[in-house]
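S.K.: Following this line is input-v9.txt, made up of compact mmCIF, N, CA and C atoms:
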```
# COMPACT_ATOMS: atom_id res chain seq x y z
N MET C 1 94.39 112.45 0.43
CA MET C 1 93.60 113.63 0.13
C MET C 1 92.65 113.88 1.30
N VAL C 2 92.60 115.14 1.70
CA VAL C 2 91.71 115.54 2.77
C VAL C 2 90.91 116.75 2.29
N TYR C 3 89.61 116.68 2.49
CA TYR C 3 88.75 117.85 2.28
C TYR C 3 87.99 118.04 3.58
N ALA C 4 88.21 119.15 4.22
CA ALA C 4 87.58 119.41 5.51
C ALA C 4 87.48 120.91 5.73
N GLY C 5 86.62 121.29 6.66
CA GLY C 5 86.53 122.68 7.08
C GLY C 5 85.29 123.41 6.60
N GLU C 6 84.72 123.00 5.49
CA GLU C 6 83.56 123.72 4.96
C GLU C 6 82.39 123.67 5.94
N ASN C 7 82.07 122.48 6.42
CA ASN C 7 80.96 122.37 7.36
C ASN C 7 81.30 122.99 8.72
N ASP C 8 82.57 122.96 9.08
CA ASP C 8 82.98 123.59 10.33
C ASP C 8 82.74 125.10 10.27
N ILE C 9 83.19 125.73 9.20
CA ILE C 9 82.98 127.17 9.03
C ILE C 9 81.48 127.46 8.97
N ALA C 10 80.73 126.67 8.22
CA ALA C 10 79.28 126.88 8.11
C ALA C 10 78.60 126.72 9.46
N GLY C 11 79.15 125.87 10.31
CA GLY C 11 78.58 125.65 11.63
C GLY C 11 79.01 126.66 12.68
N GLY C 12 79.83 127.64 12.29
CA GLY C 12 80.21 128.70 13.19
C GLY C 12 81.62 128.62 13.75
N ARG C 13 82.37 127.59 13.39
CA ARG C 13 83.76 127.52 13.88
C ARG C 13 84.60 128.58 13.18
N SER C 14 85.61 129.02 13.89
CA SER C 14 86.49 130.06 13.35
C SER C 14 87.57 129.45 12.46
N PRO C 15 88.19 130.26 11.62
CA PRO C 15 89.32 129.77 10.84
C PRO C 15 90.43 129.17 11.73
N ASN C 16 90.67 129.78 12.88
CA ASN C 16 91.69 129.25 13.79
C ASN C 16 91.30 127.88 14.35
N GLU C 17 90.03 127.67 14.58
CA GLU C 17 89.57 126.36 15.06
C GLU C 17 89.73 125.30 13.97
N VAL C 18 89.47 125.67 12.73
CA VAL C 18 89.68 124.75 11.61
C VAL C 18 91.16 124.39 11.51
N LEU C 19 92.02 125.39 11.63
CA LEU C 19 93.46 125.15 11.61
C LEU C 19 93.87 124.22 12.76
N ALA C 20 93.36 124.46 13.94
CA ALA C 20 93.71 123.63 15.10
C ALA C 20 93.29 122.18 14.87
N ALA C 21 92.14 121.97 14.26
CA ALA C 21 91.69 120.60 13.97
C ALA C 21 92.63 119.93 12.98
N LEU C 22 93.07 120.66 11.97
CA LEU C 22 94.01 120.08 10.99
C LEU C 22 95.34 119.76 11.67
N LYS C 23 95.81 120.65 12.53
CA LYS C 23 97.07 120.38 13.24
C LYS C 23 96.95 119.12 14.09
N SER C 24 95.82 118.94 14.72
CA SER C 24 95.59 117.74 15.52
C SER C 24 95.59 116.49 14.62
N PHE C 25 94.93 116.59 13.50
CA PHE C 25 94.91 115.49 12.53
C PHE C 25 96.34 115.16 12.07
N MET C 26 97.11 116.19 11.77
CA MET C 26 98.48 115.97 11.30
C MET C 26 99.35 115.32 12.37
N ARG C 27 99.14 115.69 13.65
CA ARG C 27 99.89 115.04 14.74
C ARG C 27 99.56 113.54 14.76
N LEU C 28 98.28 113.21 14.68
CA LEU C 28 97.87 111.80 14.69
C LEU C 28 98.40 111.07 13.46
N LYS C 29 98.36 111.73 12.32
CA LYS C 29 98.88 111.13 11.09
C LYS C 29 100.36 110.84 11.23
N THR C 30 101.11 111.78 11.76
CA THR C 30 102.55 111.60 11.92
C THR C 30 102.85 110.46 12.89
N GLN C 31 102.10 110.36 13.97
CA GLN C 31 102.29 109.26 14.92
C GLN C 31 102.05 107.90 14.27
N SER C 32 101.04 107.82 13.44
CA SER C 32 100.67 106.53 12.84
C SER C 32 101.36 106.24 11.52
N LEU C 33 101.57 107.28 10.71
CA LEU C 33 102.03 107.06 9.33
C LEU C 33 103.31 107.81 8.98
N GLY C 34 103.93 108.42 9.97
CA GLY C 34 105.20 109.10 9.71
C GLY C 34 105.09 110.17 8.64
N PRO C 35 106.00 110.12 7.65
CA PRO C 35 106.06 111.19 6.64
C PRO C 35 105.05 111.05 5.49
N THR C 36 104.10 110.17 5.62
CA THR C 36 103.10 110.02 4.55
C THR C 36 102.52 111.40 4.20
N PRO C 37 102.54 111.76 2.93
CA PRO C 37 102.04 113.09 2.55
C PRO C 37 100.52 113.19 2.66
N VAL C 38 100.07 114.37 3.02
CA VAL C 38 98.66 114.70 3.07
C VAL C 38 98.43 115.85 2.10
N TYR C 39 97.45 115.70 1.26
CA TYR C 39 97.06 116.75 0.31
C TYR C 39 95.74 117.32 0.81
N PHE C 40 95.76 118.59 1.18
CA PHE C 40 94.57 119.25 1.70
C PHE C 40 93.93 120.06 0.58
N ILE C 41 92.72 119.71 0.22
CA ILE C 41 91.98 120.44 -0.81
C ILE C 41 91.31 121.63 -0.14
N ALA C 42 91.59 122.83 -0.65
CA ALA C 42 91.07 124.07 -0.07
C ALA C 42 89.55 124.01 0.10
N ILE C 43 89.09 124.74 1.10
CA ILE C 43 87.65 124.86 1.33
C ILE C 43 87.05 125.58 0.12
N LYS C 44 86.05 124.97 -0.47
CA LYS C 44 85.53 125.47 -1.75
C LYS C 44 84.50 126.59 -1.57
N PRO C 45 84.52 127.54 -2.51
CA PRO C 45 83.50 128.58 -2.52
C PRO C 45 82.23 128.05 -3.19
N THR C 46 81.09 128.27 -2.55
CA THR C 46 79.82 127.81 -3.12
C THR C 46 78.79 128.94 -3.08
N PRO C 47 77.82 128.90 -3.97
CA PRO C 47 76.73 129.88 -3.87
C PRO C 47 75.99 129.77 -2.53
N TYR C 48 75.81 128.56 -2.05
CA TYR C 48 75.05 128.33 -0.82
C TYR C 48 75.73 128.97 0.39
N HIS C 49 77.05 128.88 0.48
CA HIS C 49 77.80 129.41 1.61
C HIS C 49 78.57 130.68 1.24
N TRP C 50 78.12 131.41 0.24
CA TRP C 50 78.88 132.57 -0.22
C TRP C 50 79.07 133.59 0.90
N ASP C 51 78.13 133.70 1.80
CA ASP C 51 78.25 134.65 2.91
C ASP C 51 79.38 134.28 3.87
N LYS C 52 79.91 133.09 3.75
CA LYS C 52 81.00 132.62 4.60
C LYS C 52 82.35 132.60 3.87
N PHE C 53 82.36 133.10 2.66
CA PHE C 53 83.57 133.03 1.83
C PHE C 53 84.77 133.71 2.48
N ALA C 54 84.58 134.84 3.13
CA ALA C 54 85.71 135.55 3.77
C ALA C 54 86.33 134.67 4.85
N ARG C 55 85.51 134.02 5.68
CA ARG C 55 86.06 133.14 6.73
C ARG C 55 86.69 131.90 6.12
N GLN C 56 86.10 131.37 5.05
CA GLN C 56 86.72 130.23 4.35
C GLN C 56 88.09 130.63 3.82
N SER C 57 88.17 131.82 3.26
CA SER C 57 89.44 132.30 2.71
C SER C 57 90.50 132.46 3.79
N ARG C 58 90.09 132.96 4.96
CA ARG C 58 91.05 133.08 6.07
C ARG C 58 91.53 131.69 6.49
N ALA C 59 90.62 130.74 6.60
CA ALA C 59 91.02 129.37 6.97
C ALA C 59 91.96 128.80 5.92
N ASN C 60 91.63 128.97 4.66
CA ASN C 60 92.51 128.48 3.59
C ASN C 60 93.89 129.11 3.68
N GLY C 61 93.95 130.39 3.98
CA GLY C 61 95.24 131.06 4.11
C GLY C 61 96.07 130.50 5.26
N LEU C 62 95.43 130.24 6.38
CA LEU C 62 96.14 129.64 7.52
C LEU C 62 96.66 128.25 7.18
N ILE C 63 95.84 127.49 6.49
CA ILE C 63 96.23 126.12 6.12
C ILE C 63 97.35 126.15 5.09
N LYS C 64 97.28 127.06 4.15
CA LYS C 64 98.35 127.19 3.16
C LYS C 64 99.67 127.53 3.84
N THR C 65 99.64 128.42 4.81
CA THR C 65 100.85 128.77 5.55
C THR C 65 101.41 127.56 6.30
N LEU C 66 100.53 126.77 6.91
CA LEU C 66 100.98 125.56 7.58
C LEU C 66 101.63 124.61 6.57
N ALA C 67 101.02 124.46 5.41
CA ALA C 67 101.57 123.56 4.39
C ALA C 67 102.94 124.02 3.92
N GLU C 68 103.16 125.32 3.86
CA GLU C 68 104.47 125.85 3.45
C GLU C 68 105.55 125.53 4.47
N ALA C 69 105.14 125.29 5.72
CA ALA C 69 106.09 125.00 6.79
C ALA C 69 106.30 123.50 7.01
N ARG C 70 105.52 122.66 6.35
CA ARG C 70 105.60 121.21 6.55
C ARG C 70 105.88 120.52 5.23
N SER C 71 106.81 119.60 5.24
CA SER C 71 107.13 118.86 4.01
C SER C 71 106.11 117.76 3.72
N ASP C 72 105.25 117.44 4.69
CA ASP C 72 104.30 116.35 4.51
C ASP C 72 102.86 116.85 4.29
N LEU C 73 102.71 118.15 4.02
CA LEU C 73 101.38 118.72 3.79
C LEU C 73 101.42 119.57 2.53
N VAL C 74 100.53 119.26 1.60
CA VAL C 74 100.44 119.99 0.33
C VAL C 74 99.05 120.64 0.28
N PHE C 75 99.02 121.94 0.05
CA PHE C 75 97.76 122.67 -0.08
C PHE C 75 97.36 122.70 -1.55
N VAL C 76 96.20 122.15 -1.85
CA VAL C 76 95.68 122.11 -3.22
C VAL C 76 94.64 123.23 -3.34
N ASP C 77 95.03 124.32 -3.96
CA ASP C 77 94.17 125.50 -4.04
C ASP C 77 93.23 125.40 -5.23
N ILE C 78 92.01 124.94 -4.96
CA ILE C 78 91.00 124.79 -6.02
C ILE C 78 90.15 126.06 -6.17
N VAL C 79 90.33 127.01 -5.26
CA VAL C 79 89.47 128.20 -5.27
C VAL C 79 89.56 128.99 -6.58
N PRO C 80 90.76 129.32 -7.07
CA PRO C 80 90.81 130.14 -8.29
C PRO C 80 90.09 129.52 -9.49
N VAL C 81 90.16 128.20 -9.63
CA VAL C 81 89.51 127.58 -10.80
C VAL C 81 88.00 127.46 -10.63
N MET C 82 87.51 127.72 -9.41
CA MET C 82 86.08 127.62 -9.15
C MET C 82 85.37 128.97 -9.23
N LEU C 83 86.16 130.03 -9.39
CA LEU C 83 85.58 131.38 -9.44
C LEU C 83 85.67 131.97 -10.84
N GLU C 84 84.69 132.80 -11.12
CA GLU C 84 84.67 133.55 -12.38
C GLU C 84 84.13 134.93 -12.06
N ASN C 85 84.90 135.95 -12.38
CA ASN C 85 84.52 137.33 -12.03
C ASN C 85 84.24 137.46 -10.54
N GLY C 86 85.02 136.76 -9.73
CA GLY C 86 84.92 136.88 -8.29
C GLY C 86 83.77 136.15 -7.63
N ARG C 87 83.06 135.34 -8.38
CA ARG C 87 81.91 134.58 -7.84
C ARG C 87 82.03 133.12 -8.28
N PRO C 88 81.35 132.19 -7.56
CA PRO C 88 81.41 130.78 -7.97
C PRO C 88 80.86 130.59 -9.39
N LYS C 89 81.59 129.75 -10.14
CA LYS C 89 81.15 129.40 -11.49
C LYS C 89 79.86 128.58 -11.42
N GLY C 90 79.24 128.38 -12.55
CA GLY C 90 78.02 127.57 -12.64
C GLY C 90 78.34 126.08 -12.66
N ILE C 91 78.98 125.61 -11.61
CA ILE C 91 79.43 124.22 -11.54
C ILE C 91 78.77 123.49 -10.37
N PHE C 92 77.60 123.97 -9.98
CA PHE C 92 76.91 123.41 -8.82
C PHE C 92 75.54 122.88 -9.20
N LEU C 93 75.11 121.91 -8.44
CA LEU C 93 73.76 121.39 -8.58
C LEU C 93 72.78 122.46 -8.09
N GLY C 94 71.52 122.20 -8.22
CA GLY C 94 70.50 123.16 -7.83
C GLY C 94 70.55 123.61 -6.39
N ASP C 95 71.17 122.82 -5.51
CA ASP C 95 71.24 123.21 -4.10
C ASP C 95 72.30 124.27 -3.84
N GLY C 96 73.13 124.57 -4.85
CA GLY C 96 74.16 125.59 -4.69
C GLY C 96 75.30 125.19 -3.77
N LEU C 97 75.33 123.92 -3.38
CA LEU C 97 76.34 123.44 -2.45
C LEU C 97 77.19 122.33 -3.05
N HIS C 98 76.54 121.37 -3.66
CA HIS C 98 77.25 120.22 -4.23
C HIS C 98 77.58 120.47 -5.70
N MET C 99 78.77 120.02 -6.09
CA MET C 99 79.23 120.28 -7.46
C MET C 99 78.63 119.29 -8.46
N ASN C 100 78.55 119.75 -9.69
CA ASN C 100 78.16 118.88 -10.79
C ASN C 100 79.43 118.27 -11.40
N ARG C 101 79.26 117.54 -12.47
CA ARG C 101 80.39 116.88 -13.12
C ARG C 101 81.49 117.87 -13.52
N ASN C 102 81.10 119.04 -14.01
CA ASN C 102 82.09 120.03 -14.41
C ASN C 102 82.93 120.51 -13.22
N GLY C 103 82.30 120.64 -12.06
CA GLY C 103 83.04 121.03 -10.86
C GLY C 103 84.06 119.97 -10.48
N TYR C 104 83.65 118.71 -10.52
CA TYR C 104 84.59 117.64 -10.16
C TYR C 104 85.70 117.48 -11.20
N THR C 105 85.41 117.83 -12.44
CA THR C 105 86.46 117.81 -13.46
C THR C 105 87.53 118.85 -13.13
N LEU C 106 87.10 120.04 -12.69
CA LEU C 106 88.06 121.07 -12.27
C LEU C 106 88.90 120.58 -11.09
N TRP C 107 88.25 119.95 -10.13
CA TRP C 107 88.96 119.42 -8.96
C TRP C 107 89.96 118.35 -9.38
N ALA C 108 89.54 117.45 -10.23
CA ALA C 108 90.43 116.35 -10.65
C ALA C 108 91.68 116.91 -11.31
N ARG C 109 91.52 117.92 -12.13
CA ARG C 109 92.66 118.54 -12.80
C ARG C 109 93.60 119.18 -11.77
N ALA C 110 93.04 119.91 -10.81
CA ALA C 110 93.86 120.57 -9.79
C ALA C 110 94.59 119.56 -8.91
N VAL C 111 93.92 118.47 -8.56
CA VAL C 111 94.54 117.44 -7.73
C VAL C 111 95.66 116.75 -8.51
N ARG C 112 95.40 116.43 -9.77
CA ARG C 112 96.43 115.78 -10.60
C ARG C 112 97.66 116.68 -10.72
N GLU C 113 97.44 117.96 -10.94
CA GLU C 113 98.56 118.90 -11.04
C GLU C 113 99.35 118.95 -9.74
N ALA C 114 98.67 118.94 -8.60
CA ALA C 114 99.36 118.96 -7.31
C ALA C 114 100.18 117.69 -7.12
N LEU C 115 99.63 116.56 -7.50
CA LEU C 115 100.36 115.30 -7.39
C LEU C 115 101.57 115.30 -8.32
N ASP C 116 101.39 115.78 -9.53
CA ASP C 116 102.49 115.83 -10.49
C ASP C 116 103.60 116.77 -10.01
N ARG C 117 103.21 117.94 -9.47
CA ARG C 117 104.20 118.92 -8.98
C ARG C 117 105.01 118.37 -7.82
N SER C 118 104.36 117.63 -6.95
CA SER C 118 105.07 117.15 -5.75
C SER C 118 106.05 116.05 -6.08
N GLY C 119 105.78 115.29 -7.14
CA GLY C 119 106.67 114.20 -7.52
C GLY C 119 106.72 113.09 -6.48
N VAL C 120 105.77 113.08 -5.55
CA VAL C 120 105.75 112.07 -4.50
C VAL C 120 104.99 110.85 -4.99
N SER C 121 105.62 109.72 -4.84
CA SER C 121 104.96 108.46 -5.17
C SER C 121 104.24 107.95 -3.95
N ALA C 122 102.93 107.88 -4.00
CA ALA C 122 102.16 107.41 -2.85
C ALA C 122 102.53 105.97 -2.50
N ALA C 123 102.91 105.20 -3.48
CA ALA C 123 103.20 103.78 -3.25
C ALA C 123 104.28 103.58 -2.21
N ARG C 124 105.25 104.46 -2.16
CA ARG C 124 106.35 104.21 -1.20
C ARG C 124 105.91 104.42 0.24
N TYR C 125 104.78 105.07 0.48
CA TYR C 125 104.30 105.28 1.82
C TYR C 125 103.21 104.29 2.23
N CYS C 126 102.53 103.71 1.27
CA CYS C 126 101.43 102.81 1.57
C CYS C 126 101.95 101.52 2.19
N LYS C 127 101.21 101.02 3.15
CA LYS C 127 101.60 99.77 3.81
C LYS C 127 100.66 98.66 3.44
```
If you convert what's in this file into structure tokens, what do you get?
M.R.:
Amino acid sequence: MVYAGENDIAGGRSPNEVLAALKSFMRLKTQSLGPTPVYFIAIKPTPYHWDKFARQSRANGLIKTLAEARSDLVFVDIVPVMLENGRPKGIFLGDGLHMNRNGYTLWARAVREALDRSGVSAARYCK
């Protein structure tokens, strides 16, 4: 499981730069771990970074496209379950950035569904 890109976008990096960093990570992963699957959890929408949501969405779209082209990358789209009426649900702590228990419950469900859909047994790749 990989969660990355939120701080990069918040720090001013472009969606293409986030994609380039993931591609670099995937090259290193392939060199070291071969076909071991990587599950990329989409960059999450938050009240704190709501002004960056459009750039986050572009980065997520680029990463999803990459995942569709690679058998060892699965895009876990948590964004739809985190939004209500087009805005982040009330699943954040007072800082508007970090999730509360309800937010992590949504993530756990989405991750479990992605693992179940892929049918990949992590055990066969672990060394």
S.K.: Please provide as a short mmCIF file (atom, residue, chain, number, x, y, z; two decimals) with N, CA and C atoms, keeping the file's coordinate frame all residues within 7 Å of stretch 34-46 of chain C, with the sequence filter that same-chain residues fewer than 6 positions apart are discarded (counting only C-alpha atoms).
M.R.:
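Produced file part_8.cif, reproduced below:
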```cif
data_model
loop_
_atom_site.label_atom_id
_atom_site.label_comp_id
_atom_site.auth_asym_id
_atom_site.auth_seq_id
_atom_site.Cartn_x
_atom_site.Cartn_y
_atom_site.Cartn_z
N MET C 1 94.39 112.45 0.43
CA MET C 1 93.60 113.63 0.13
C MET C 1 92.65 113.88 1.30
N VAL C 2 92.60 115.14 1.70
CA VAL C 2 91.71 115.54 2.77
C VAL C 2 90.91 116.75 2.29
N TYR C 3 89.61 116.68 2.49
CA TYR C 3 88.75 117.85 2.28
C TYR C 3 87.99 118.04 3.58
N ALA C 4 88.21 119.15 4.22
CA ALA C 4 87.58 119.41 5.51
C ALA C 4 87.48 120.91 5.73
N GLY C 5 86.62 121.29 6.66
CA GLY C 5 86.53 122.68 7.08
C GLY C 5 85.29 123.41 6.60
N GLU C 6 84.72 123.00 5.49
CA GLU C 6 83.56 123.72 4.96
C GLU C 6 82.39 123.67 5.94
N PHE C 53 82.36 133.10 2.66
CA PHE C 53 83.57 133.03 1.83
C PHE C 53 84.77 133.71 2.48
N GLN C 56 86.10 131.37 5.05
CA GLN C 56 86.72 130.23 4.35
C GLN C 56 88.09 130.63 3.82
N ASN C 60 91.63 128.97 4.66
CA ASN C 60 92.51 128.48 3.59
C ASN C 60 93.89 129.11 3.68
N ASP C 72 105.25 117.44 4.69
CA ASP C 72 104.30 116.35 4.51
C ASP C 72 102.86 116.85 4.29
N LEU C 73 102.71 118.15 4.02
CA LEU C 73 101.38 118.72 3.79
C LEU C 73 101.42 119.57 2.53
N VAL C 74 100.53 119.26 1.60
CA VAL C 74 100.44 119.99 0.33
C VAL C 74 99.05 120.64 0.28
N PHE C 75 99.02 121.94 0.05
CA PHE C 75 97.76 122.67 -0.08
C PHE C 75 97.36 122.70 -1.55
N VAL C 76 96.20 122.15 -1.85
CA VAL C 76 95.68 122.11 -3.22
C VAL C 76 94.64 123.23 -3.34
N ASP C 77 95.03 124.32 -3.96
CA ASP C 77 94.17 125.50 -4.04
C ASP C 77 93.23 125.40 -5.23
N ILE C 78 92.01 124.94 -4.96
CA ILE C 78 91.00 124.79 -6.02
C ILE C 78 90.15 126.06 -6.17
N VAL C 79 90.33 127.01 -5.26
CA VAL C 79 89.47 128.20 -5.27
C VAL C 79 89.56 128.99 -6.58
N PRO C 88 81.35 132.19 -7.56
CA PRO C 88 81.41 130.78 -7.97
C PRO C 88 80.86 130.59 -9.39
N GLY C 96 73.13 124.57 -4.85
CA GLY C 96 74.16 125.59 -4.69
C GLY C 96 75.30 125.19 -3.77
N LEU C 97 75.33 123.92 -3.38
CA LEU C 97 76.34 123.44 -2.45
C LEU C 97 77.19 122.33 -3.05
N TYR C 125 104.78 105.07 0.48
CA TYR C 125 104.30 105.28 1.82
C TYR C 125 103.21 104.29 2.23
#
```
S.K.: Name the residues of stretch 18-105 of chain C that fall into strand (DSSP E) according to DSSP on the backbone, using the chain letters and numbers of this document, as a list in words.
M.R.: Val38, Tyr39, Phe40, Ile41, Leu73, Val74, Phe75, Val76, Leu83, Glu84, Arg87 and Pro88 of chain C
S.K.: Go ahead and compute the interatomic distance for atom CA of C:Ser14 and atom CA of C:Arg58, in Å to one decimal.
M.R.: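 Result for atom CA of C:Ser14 versus atom CA of C:Arg58: 9.1 Å, one decimal.
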S.K.: If we count all atoms listed in the file and set the cut-off at 8 Å, which residues sit around C:Asp8, ignoring sequence neighbours fewer than 5 positions away in its own chain? Please answer as a list in words.
M.R.: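 Near neighbours after the sequence-gap exclusion: Arg13, Ser14, Pro15, Glu17 and Val18 of chain C.
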S.K.: Name the closest residue to C:His49 among the candidates C:Arg27, C:Lys64, C:Arg112, C:Arg87; distances are taken between atoms, counting only C-alpha atoms.
M.R.: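 The answer is C:Arg87, which sits nearest to C:His49.
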S.K.: I'd like the interatomic distance between atom CA of C:Arg101 and atom CA of C:Trp50, to a tenth of an Å.
M.R.: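 Between these atoms lies a distance of 20.4 Å.
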S.K.: Can you tell me how far atom N of C:Tyr104 sits from atom C of C:Gly90, in Å to one decimal?
M.R.: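 Interatomic distance here is 9.3 Å.
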S.K.: Write out as JSON, numbers by chain all residues of chain C that DSSP puts in alpha helix (DSSP H) for this structure's backbone.
M.R.: {"C": [6, 7, 8, 9, 10, 15, 16, 17, 18, 19, 20, 21, 22, 23, 24, 25, 26, 27, 28, 29, 30, 31, 32, 33, 53, 54, 55, 56, 57, 58, 59, 60, 61, 62, 63, 64, 65, 66, 67, 68, 69, 79, 80, 81, 82, 101, 102, 103, 104, 105, 106, 107, 108, 109, 110, 111, 112, 113, 114, 115, 116, 117, 118]}
S.K.: Find the spatial neighbours of C:Leu19, counting only C-alpha atoms, within a cut-off of 8 Å - ignore same-chain residues fewer than 3 positions away - and output them as a list in words.
M.R.: Pro15, Asn16, Leu22, Lys23, Ala59, Leu62 and Ile63 of chain C
